[in-house]
Amino acid sequence: MAANGTPLLELEGISKRFGPVQALDRVDFAVSAGEVVGLVGDNGAGKSTLVKAIAGINPPDEGTIRFEGREVRIQRPQDATELGIATVYQDLALCDNLDVVSNLFLGREQIAPGPGQVSRQLDEVKMEHETADLLSNLAVTIPSLRSEVGTLSGGQRQQVAVARSLLGEPKVVMLDEPTAALGVPQTKQVLQLIRRLRERNLGVVVISHNLADVFAIADRVFVLRLGKAAGEFKAEETTEEHVIGAITGVGEGREKNDQELEETEHKPEEGGA
Amino acid sequence: MSAAETTADDATTGQASSRGQAIRRIVQGDLSSVRVVLGLVLIAIIFQVQEDRFLSAQNLTNLMLQITTIGLISVGIVYVLLLGEIDLSVGAVSGLSAAVMTVLSVNHGWNAYLAIAAAVVVGASIGFLQGSLFSRFVVPSFVVTLAGLLAWEGALLQVLGKTGSLNINDPKITGLANTFYSDTVGWIFAAVIIAAYGAVLAAGYRKRVSAGLADGGPTSLIVRFVFLSAIVIAAVAILNSDRGVPLAVMILLGFVVGMEYVAKRTTFGRHVFAVGGNAEAARRAGIRVNAVRVAVFTISGSMAAIGGVMAASRLFAVNQNSGGNELLLLAIAGPVIAGTSLFGGRGSVWTALLGALVIGSISNGMDLLSLSSAVKLMVTGGVLLLAVLVDAVARQQRQTSGRV
């Protein structure tokens, strides 16, 4: 199922119930190193619930999670962070009043050596240096590292948020709607950045409503519908129509009933072009 | 293209339009402190034209003594404002803390320093309590500290007892606001401040150069150094030509510089700005938001107590009016006039000093002109409104030009 080798992160039979709503129903999901998986589905299909289950915000009721082949429990956001799973949420969680360097190192500030340690003095020079290195590695261009994040464009803010998630040296990065509300050139920049994450051999999960963007970057497209896995496609071998069919449950995706779906969801669909 | 090349490109294009940008910044509020200094100069000119004693050494020394209490309380208020919160109890806390100190010193014969320490502990404890209530129960800080304002004023009356007023006779306490240094000591202060500032600037510049982060030459640093040195030398010269550099001014300056360092250079200060800017983002970044909030209110209470001690020292007494009247509102208005945002995340501790100077100058100048307190209050209110309006217009302009 994975693009190469054993999956980095593997979910099996994940279920999550909110009161009467079955938000996730026995979902199997996996992402490998150096692979971009597009997670798509209609509103309320369970995309965010799945990401939150992996990120430790809403732990699943049932199912097992394996990370690097080892079974793990993710009960709190810190558990996910410690494993090496970083999440960039749609609201980005940036402090608009702080500059790029401060935002990148927020909560993990570098302390200056010497007498300044007593007051936990910031090592601004070191942080700025590392920020410049990281951003240039990712080919992210920001006018000035000392400009307030609130003054940056939406695309730049998204790139700052993604760069920040990389500071903890994660192995899996999940991005929630990274291109929503971005203009065409900015979307291009962000997609380029996601490709660079793949080059760094990270496992990348991208939630998106925009199928064009998903097809532009994803190796694999995973469709959720009403909390259930509704299809899995290799991006190269399928078309948007097939994926839309699976998302809406109309057309080709509709030909199978739920039981068949469960049997086929581990194999990429062979339909497509 | 590497980041180094990019920043170099930006630096050159930046320099071409830097003059236009500097002017725009003054208008749009990046350099709001420059705006306030210009305002101060304007105030000085207006009063000097009407009454030529205004800029005399004696009056400027008086002005500095008059602003120490407000300035010290404002230092704590700046921290609360950076969180986007408000502390309405600081006036009452300053009165209560001073009363505790005085009662311990006068009635119980405590050592002066122990009595002062007790006052600060009272202020810090009250701040800690209010901060804990505010963050633990998610009650608006406005309400918690409004309740505090009433309660601590009652406590002040209780502590003072029937007489309602106590005179301080310990010279160690009264000396805080009434000690003046000799000319020589004044110049030594000036030399130490200038040398320390130069050393800090030079060390910072050298570190940036060695890390390859130098943006532009040292010109702007040299300008800053010369500017500050000129101010320090002028201030000491003026103060020396009257009674000398007051201890109170050194205490105020010490707290402003120290707390500005904490706000801008330490991890704690960074977290205060982060919580004030986006508490949810700060929480997700692993910052203990509630601990930061409690610490900030503790600072606010402590600074209020220190301000109260200075006020009592200057007055040689504590009475039922201590910490009352418009002290609270002026201590909050000062930093806001000088550019600290009421909405959190923006400002500096210097605005405590600058704001106190603006408010103190207006009050002092109108006293010289023998205007009634009716006029004084109305003018001060007008200046506060004007400052907030200028700030709001600047913010709108920044927003329309795409900079939030």
# chains A, B, ... in the order shown; residues from 1 in each chain; ligands from 1

call {"tool": "residues_around", "arguments": {"residues": "segment 376-383 of chain B", "least_positions_apart": "4", "cutoff": "8 Å", "atoms": "only C-alpha atoms", "output": "list in words"}}
result
Ile337, Ile359, Ile362, Ser363, Met366, Leu371, Ser372 and Ala387 of chain B

call {"tool": "write_last_selection", "arguments": {"atoms": "C-alpha atoms", "output": "PDB file, in the first residue's frame"}}
result
ATOM      1  CA  ILE B 337      -0.465  57.688  25.952  1.00  0.00           C
ATOM      2  CA  ILE B 359       1.248  63.350  32.435  1.00  0.00           C
ATOM      3  CA  ILE B 362       1.043  68.653  32.038  1.00  0.00           C
ATOM      4  CA  SER B 363       0.123  68.515  35.695  1.00  0.00           C
ATOM      5  CA  MET B 366      -0.662  73.727  34.977  1.00  0.00           C
ATOM      6  CA  LEU B 371      -4.842  76.437  37.051  1.00  0.00           C
ATOM      7  CA  SER B 372      -7.536  74.673  39.046  1.00  0.00           C
ATOM      8  CA  ALA B 387      -3.151  59.939  22.189  1.00  0.00           C
TER       9      ALA B 387
END

call {"tool": "interface_residues", "arguments": {"of": "chain A", "to": "chain B", "cutoff": "10 Å", "atoms": "only C-alpha atoms", "output": "JSON, numbers by chain"}}
result
{"A": [77, 78, 91, 92, 93, 94, 95, 96, 97, 98, 102, 103, 104, 105, 106, 107, 108, 109, 110, 111, 112, 116, 117, 118, 119, 120, 121, 122, 123, 124, 125, 126, 128, 129, 131, 132, 133, 134, 135, 136, 137, 138, 139, 140, 141, 142, 143, 144, 145, 148, 149, 150, 151, 152, 153]}

call {"tool": "write_last_selection", "arguments": {"atoms": "C-alpha atoms", "output": "PDB file, in the first residue's frame"}}
result
ATOM      1  CA  PRO A  77      -0.657  16.293  22.059  1.00  0.00           C
ATOM      2  CA  GLN A  78       2.720  15.908  23.785  1.00  0.00           C
ATOM      3  CA  ASP A  91      -5.463  28.751  12.060  1.00  0.00           C
ATOM      4  CA  LEU A  92      -1.638  28.383  12.078  1.00  0.00           C
ATOM      5  CA  ALA A  93      -1.421  29.380  15.767  1.00  0.00           C
ATOM      6  CA  LEU A  94       1.046  32.186  15.143  1.00  0.00           C
ATOM      7  CA  CYS A  95       1.488  35.267  17.306  1.00  0.00           C
ATOM      8  CA  ASP A  96       0.932  38.158  14.895  1.00  0.00           C
ATOM      9  CA  ASN A  97       2.667  40.606  17.211  1.00  0.00           C
ATOM     10  CA  LEU A  98       5.934  38.658  17.256  1.00  0.00           C
ATOM     11  CA  SER A 102      10.199  34.573  17.829  1.00  0.00           C
ATOM     12  CA  ASN A 103       7.322  32.617  16.339  1.00  0.00           C
ATOM     13  CA  LEU A 104       9.571  29.852  15.085  1.00  0.00           C
ATOM     14  CA  PHE A 105      11.150  29.376  18.495  1.00  0.00           C
ATOM     15  CA  LEU A 106       8.026  30.058  20.546  1.00  0.00           C
ATOM     16  CA  GLY A 107       7.998  27.716  23.533  1.00  0.00           C
ATOM     17  CA  ARG A 108      11.491  26.411  22.739  1.00  0.00           C
ATOM     18  CA  GLU A 109      13.557  29.572  23.009  1.00  0.00           C
ATOM     19  CA  GLN A 110      17.330  29.272  22.962  1.00  0.00           C
ATOM     20  CA  ILE A 111      18.988  30.562  26.116  1.00  0.00           C
ATOM     21  CA  ALA A 112      22.154  32.641  25.848  1.00  0.00           C
ATOM     22  CA  GLY A 116      22.442  35.717  31.017  1.00  0.00           C
ATOM     23  CA  GLN A 117      21.367  32.158  31.866  1.00  0.00           C
ATOM     24  CA  VAL A 118      20.221  33.292  35.308  1.00  0.00           C
ATOM     25  CA  SER A 119      17.453  35.388  33.758  1.00  0.00           C
ATOM     26  CA  ARG A 120      16.938  32.873  30.938  1.00  0.00           C
ATOM     27  CA  GLN A 121      18.155  35.519  28.501  1.00  0.00           C
ATOM     28  CA  LEU A 122      17.233  34.855  24.893  1.00  0.00           C
ATOM     29  CA  ASP A 123      19.989  34.002  22.428  1.00  0.00           C
ATOM     30  CA  GLU A 124      18.500  36.088  19.627  1.00  0.00           C
ATOM     31  CA  VAL A 125      21.546  35.806  17.401  1.00  0.00           C
ATOM     32  CA  LYS A 126      21.593  32.016  17.532  1.00  0.00           C
ATOM     33  CA  GLU A 128      17.983  34.199  14.016  1.00  0.00           C
ATOM     34  CA  HIS A 129      20.902  32.276  12.555  1.00  0.00           C
ATOM     35  CA  THR A 131      15.909  30.499  11.379  1.00  0.00           C
ATOM     36  CA  ALA A 132      17.825  31.821   8.382  1.00  0.00           C
ATOM     37  CA  ASP A 133      19.422  28.396   7.842  1.00  0.00           C
ATOM     38  CA  LEU A 134      16.145  26.508   8.088  1.00  0.00           C
ATOM     39  CA  LEU A 135      14.232  28.874   5.812  1.00  0.00           C
ATOM     40  CA  SER A 136      16.966  28.899   3.197  1.00  0.00           C
ATOM     41  CA  ASN A 137      17.082  25.096   3.281  1.00  0.00           C
ATOM     42  CA  LEU A 138      13.371  25.102   2.564  1.00  0.00           C
ATOM     43  CA  ALA A 139      13.855  27.891  -0.010  1.00  0.00           C
ATOM     44  CA  VAL A 140      11.315  29.983   1.832  1.00  0.00           C
ATOM     45  CA  THR A 141      11.822  33.682   1.230  1.00  0.00           C
ATOM     46  CA  ILE A 142      10.609  36.110   3.871  1.00  0.00           C
ATOM     47  CA  PRO A 143      11.475  39.819   3.409  1.00  0.00           C
ATOM     48  CA  SER A 144      12.898  40.167   6.911  1.00  0.00           C
ATOM     49  CA  LEU A 145      13.134  37.632   9.703  1.00  0.00           C
ATOM     50  CA  GLU A 148       6.093  40.883  12.548  1.00  0.00           C
ATOM     51  CA  VAL A 149       4.261  37.788  11.353  1.00  0.00           C
ATOM     52  CA  GLY A 150       1.051  39.829  11.165  1.00  0.00           C
ATOM     53  CA  THR A 151       2.569  41.869   8.352  1.00  0.00           C
ATOM     54  CA  LEU A 152       3.305  38.820   6.179  1.00  0.00           C
ATOM     55  CA  SER A 153       1.120  37.489   3.382  1.00  0.00           C
TER      56      SER A 153
END

call {"tool": "atom_distance", "arguments": {"atom1": "atom CA of Gly347 of chain B", "atom2": "atom CA of Ile73 of chain B"}}
result
15.7 Å

call {"tool": "residues_around", "arguments": {"residues": "segment 78-86 of chain B", "least_positions_apart": "2", "cutoff": "10 Å", "atoms": "only C-alpha atoms", "output": "NGL selection string"}}
result
:B and (73-76 or 88-90 or 140-146 or 259-260 or 263 or 269 or 271-279 or 292-293 or 295-300 or 331-332 or 334-336 or 340-352)

call {"tool": "write_last_selection", "arguments": {"atoms": "C-alpha atoms", "output": "PDB file, in the first residue's frame"}}
result
ATOM      1  CA  ILE B  73       3.240  51.749  39.239  1.00  0.00           C
ATOM      2  CA  SER B  74       3.070  52.106  35.454  1.00  0.00           C
ATOM      3  CA  VAL B  75       5.995  49.692  35.059  1.00  0.00           C
ATOM      4  CA  GLY B  76       3.753  46.951  36.478  1.00  0.00           C
ATOM      5  CA  LEU B  88      -7.592  48.421  38.569  1.00  0.00           C
ATOM      6  CA  SER B  89      -6.331  47.613  42.051  1.00  0.00           C
ATOM      7  CA  VAL B  90      -2.838  49.132  41.784  1.00  0.00           C
ATOM      8  CA  PRO B 140     -12.297  39.008  33.655  1.00  0.00           C
ATOM      9  CA  SER B 141      -9.299  40.728  35.237  1.00  0.00           C
ATOM     10  CA  PHE B 142     -11.339  43.919  35.121  1.00  0.00           C
ATOM     11  CA  VAL B 143     -13.804  42.506  37.648  1.00  0.00           C
ATOM     12  CA  VAL B 144     -11.295  40.745  39.907  1.00  0.00           C
ATOM     13  CA  THR B 145      -9.186  43.866  40.278  1.00  0.00           C
ATOM     14  CA  LEU B 146     -12.226  46.125  40.597  1.00  0.00           C
ATOM     15  CA  MET B 259      11.949  45.403  33.651  1.00  0.00           C
ATOM     16  CA  GLU B 260      12.496  46.411  30.007  1.00  0.00           C
ATOM     17  CA  ALA B 263      10.293  42.089  28.834  1.00  0.00           C
ATOM     18  CA  GLY B 269       9.201  38.433  28.638  1.00  0.00           C
ATOM     19  CA  HIS B 271       6.114  34.525  26.743  1.00  0.00           C
ATOM     20  CA  VAL B 272       4.292  37.579  28.120  1.00  0.00           C
ATOM     21  CA  PHE B 273       4.220  39.069  24.608  1.00  0.00           C
ATOM     22  CA  ALA B 274       3.115  35.730  23.150  1.00  0.00           C
ATOM     23  CA  VAL B 275       0.228  35.305  25.610  1.00  0.00           C
ATOM     24  CA  GLY B 276      -0.832  38.893  24.967  1.00  0.00           C
ATOM     25  CA  GLY B 277      -0.668  38.395  21.201  1.00  0.00           C
ATOM     26  CA  ASN B 278      -2.370  35.009  20.895  1.00  0.00           C
ATOM     27  CA  ALA B 279      -2.971  33.061  24.088  1.00  0.00           C
ATOM     28  CA  VAL B 292       2.642  33.700  32.985  1.00  0.00           C
ATOM     29  CA  ARG B 293      -0.599  35.467  33.897  1.00  0.00           C
ATOM     30  CA  ALA B 295       3.470  36.115  37.420  1.00  0.00           C
ATOM     31  CA  VAL B 296       2.442  39.282  35.593  1.00  0.00           C
ATOM     32  CA  PHE B 297      -0.198  40.191  38.173  1.00  0.00           C
ATOM     33  CA  THR B 298       2.339  39.505  40.913  1.00  0.00           C
ATOM     34  CA  ILE B 299       4.724  41.939  39.210  1.00  0.00           C
ATOM     35  CA  SER B 300       1.932  44.491  38.952  1.00  0.00           C
ATOM     36  CA  ALA B 331      -0.778  55.127  36.038  1.00  0.00           C
ATOM     37  CA  ILE B 332      -2.793  53.316  33.365  1.00  0.00           C
ATOM     38  CA  GLY B 334       0.618  57.002  31.016  1.00  0.00           C
ATOM     39  CA  PRO B 335       1.761  53.863  29.172  1.00  0.00           C
ATOM     40  CA  VAL B 336      -1.264  54.074  26.866  1.00  0.00           C
ATOM     41  CA  THR B 340       1.521  50.591  24.859  1.00  0.00           C
ATOM     42  CA  SER B 341      -1.546  48.904  23.384  1.00  0.00           C
ATOM     43  CA  LEU B 342      -4.593  48.244  25.543  1.00  0.00           C
ATOM     44  CA  PHE B 343      -5.205  45.101  23.521  1.00  0.00           C
ATOM     45  CA  GLY B 344      -2.066  43.249  24.461  1.00  0.00           C
ATOM     46  CA  GLY B 345       1.158  42.176  22.818  1.00  0.00           C
ATOM     47  CA  ARG B 346       2.514  45.602  21.935  1.00  0.00           C
ATOM     48  CA  GLY B 347       4.442  48.089  24.022  1.00  0.00           C
ATOM     49  CA  SER B 348       7.538  48.607  26.104  1.00  0.00           C
ATOM     50  CA  VAL B 349       8.431  49.432  29.681  1.00  0.00           C
ATOM     51  CA  TRP B 350       9.892  52.741  28.485  1.00  0.00           C
ATOM     52  CA  THR B 351       6.322  53.891  27.902  1.00  0.00           C
ATOM     53  CA  ALA B 352       5.867  53.836  31.690  1.00  0.00           C
TER      54      ALA B 352
END

call {"tool": "select_by_dssp", "arguments": {"residues": "segment 153-249 of chain A", "states": "alpha helix (DSSP H)", "output": "CSV table (one decimal) with N, CA and C atoms, in the first residue's frame"}}
result
chain,number,residue,atom,x,y,z
A,154,GLY,N,-0.5,35.7,3.5
A,154,GLY,CA,-1.0,34.4,3.9
A,154,GLY,C,-0.1,33.3,3.6
A,155,GLY,N,0.5,33.3,2.4
A,155,GLY,CA,1.4,32.2,2.0
A,155,GLY,C,2.6,32.2,2.8
A,156,GLN,N,3.2,33.4,3.1
A,156,GLN,CA,4.4,33.4,4.0
A,156,GLN,C,4.1,32.9,5.4
A,157,ARG,N,2.9,33.3,5.9
A,157,ARG,CA,2.5,32.9,7.2
A,157,ARG,C,2.4,31.3,7.3
A,158,GLN,N,1.8,30.8,6.2
A,158,GLN,CA,1.7,29.3,6.1
A,158,GLN,C,3.1,28.7,6.1
A,159,GLN,N,4.0,29.3,5.4
A,159,GLN,CA,5.3,28.7,5.3
A,159,GLN,C,6.1,28.8,6.6
A,160,VAL,N,5.8,29.9,7.3
A,160,VAL,CA,6.4,30.1,8.7
A,160,VAL,C,5.9,29.0,9.6
A,161,ALA,N,4.6,28.8,9.5
A,161,ALA,CA,4.0,27.7,10.4
A,161,ALA,C,4.5,26.4,10.1
A,162,VAL,N,4.7,26.1,8.8
A,162,VAL,CA,5.3,24.8,8.4
A,162,VAL,C,6.7,24.7,8.9
A,163,ALA,N,7.5,25.7,8.7
A,163,ALA,CA,8.9,25.7,9.1
A,163,ALA,C,9.0,25.5,10.6
A,164,ARG,N,8.1,26.1,11.3
A,164,ARG,CA,8.1,26.0,12.8
A,164,ARG,C,7.9,24.5,13.2
A,165,SER,N,7.0,23.9,12.4
A,165,SER,CA,6.7,22.5,12.8
A,165,SER,C,7.9,21.6,12.6
A,166,LEU,N,8.8,22.0,11.7
A,166,LEU,CA,10.0,21.2,11.5
A,166,LEU,C,11.1,21.4,12.5
A,184,VAL,N,-3.0,32.3,-6.1
A,184,VAL,CA,-2.4,31.3,-7.0
A,184,VAL,C,-0.8,31.2,-6.7
A,185,PRO,N,-0.1,32.4,-6.8
A,185,PRO,CA,1.3,32.3,-6.6
A,185,PRO,C,1.7,31.8,-5.2
A,186,GLN,N,0.9,32.2,-4.2
A,186,GLN,CA,1.2,31.7,-2.8
A,186,GLN,C,0.9,30.2,-2.7
A,187,THR,N,-0.2,29.8,-3.3
A,187,THR,CA,-0.4,28.3,-3.3
A,187,THR,C,0.7,27.6,-3.9
A,188,LYS,N,1.3,28.1,-5.0
A,188,LYS,CA,2.4,27.5,-5.6
A,188,LYS,C,3.6,27.3,-4.6
A,189,GLN,N,3.9,28.4,-3.9
A,189,GLN,CA,5.0,28.4,-3.0
A,189,GLN,C,4.8,27.3,-1.9
A,190,VAL,N,3.5,27.3,-1.4
A,190,VAL,CA,3.3,26.3,-0.3
A,190,VAL,C,3.4,24.9,-0.8
A,191,LEU,N,2.9,24.6,-2.0
A,191,LEU,CA,3.0,23.3,-2.6
A,191,LEU,C,4.4,22.9,-2.8
A,192,GLN,N,5.2,23.9,-3.3
A,192,GLN,CA,6.6,23.7,-3.5
A,192,GLN,C,7.3,23.3,-2.1
A,193,LEU,N,6.9,24.0,-1.1
A,193,LEU,CA,7.4,23.7,0.3
A,193,LEU,C,7.0,22.2,0.7
A,194,ILE,N,5.8,21.8,0.4
A,194,ILE,CA,5.4,20.5,0.7
A,194,ILE,C,6.2,19.4,0.0
A,195,ARG,N,6.6,19.7,-1.3
A,195,ARG,CA,7.4,18.8,-2.0
A,195,ARG,C,8.8,18.7,-1.4
A,196,ARG,N,9.3,19.8,-0.8
A,196,ARG,CA,10.6,19.8,-0.2
A,196,ARG,C,10.5,19.0,1.1
A,197,LEU,N,9.4,19.0,1.8
A,197,LEU,CA,9.2,18.1,3.0
A,197,LEU,C,9.4,16.7,2.5
A,198,ARG,N,8.8,16.3,1.4
A,198,ARG,CA,8.9,14.9,0.9
A,198,ARG,C,10.4,14.6,0.6
A,199,GLU,N,11.1,15.6,0.0
A,199,GLU,CA,12.5,15.4,-0.3
A,199,GLU,C,13.3,15.1,1.0
A,211,LEU,N,-9.0,19.7,-4.9
A,211,LEU,CA,-8.4,18.5,-5.5
A,211,LEU,C,-7.3,18.8,-6.4
A,212,ALA,N,-7.3,20.0,-7.1
A,212,ALA,CA,-6.2,20.3,-8.0
A,212,ALA,C,-4.9,20.4,-7.2
A,213,ASP,N,-5.0,21.0,-6.0
A,213,ASP,CA,-3.8,21.0,-5.2
A,213,ASP,C,-3.3,19.6,-4.7
A,214,VAL,N,-4.3,18.8,-4.4
A,214,VAL,CA,-4.0,17.5,-3.9
A,214,VAL,C,-3.3,16.7,-5.0
A,215,PHE,N,-3.9,16.8,-6.2
A,215,PHE,CA,-3.3,16.1,-7.3
A,215,PHE,C,-1.9,16.6,-7.7
A,216,ALA,N,-1.7,17.9,-7.4
A,216,ALA,CA,-0.4,18.5,-7.8
A,216,ALA,C,0.7,18.0,-6.9
A,217,ILE,N,0.4,17.5,-5.6
A,217,ILE,CA,1.5,17.1,-4.7
A,217,ILE,C,1.4,15.7,-4.2
A,240,GLU,N,-9.6,13.2,-11.2
A,240,GLU,CA,-10.4,13.9,-10.2
A,240,GLU,C,-11.8,13.3,-10.2
A,241,GLU,N,-12.3,12.9,-11.4
A,241,GLU,CA,-13.7,12.4,-11.4
A,241,GLU,C,-13.9,11.2,-10.5
A,242,HIS,N,-12.9,10.3,-10.5
A,242,HIS,CA,-13.0,9.1,-9.7
A,242,HIS,C,-13.0,9.5,-8.2
A,243,VAL,N,-12.1,10.5,-7.8
A,243,VAL,CA,-12.0,10.9,-6.4
A,243,VAL,C,-13.3,11.6,-6.0
A,244,ILE,N,-13.8,12.4,-6.9
A,244,ILE,CA,-15.0,13.1,-6.5
A,244,ILE,C,-16.2,12.1,-6.3
A,245,GLY,N,-16.2,11.1,-7.2
A,245,GLY,CA,-17.2,10.0,-7.1
A,245,GLY,C,-17.1,9.4,-5.7
A,246,ALA,N,-15.8,9.1,-5.2
A,246,ALA,CA,-15.7,8.5,-3.9
A,246,ALA,C,-16.1,9.4,-2.8
A,247,ILE,N,-15.8,10.7,-3.0
A,247,ILE,CA,-16.1,11.7,-1.9
A,247,ILE,C,-17.6,11.8,-1.8
A,248,THR,N,-18.3,11.9,-2.9
A,248,THR,CA,-19.7,12.2,-2.9
A,248,THR,C,-20.5,10.9,-2.8

call {"tool": "residues_around", "arguments": {"residues": "Asn210 of chain A", "least_positions_apart": "6", "cutoff": "10 Å", "atoms": "only C-alpha atoms", "output": "ChimeraX atom specification"}}
result
/A:40,177,179-180
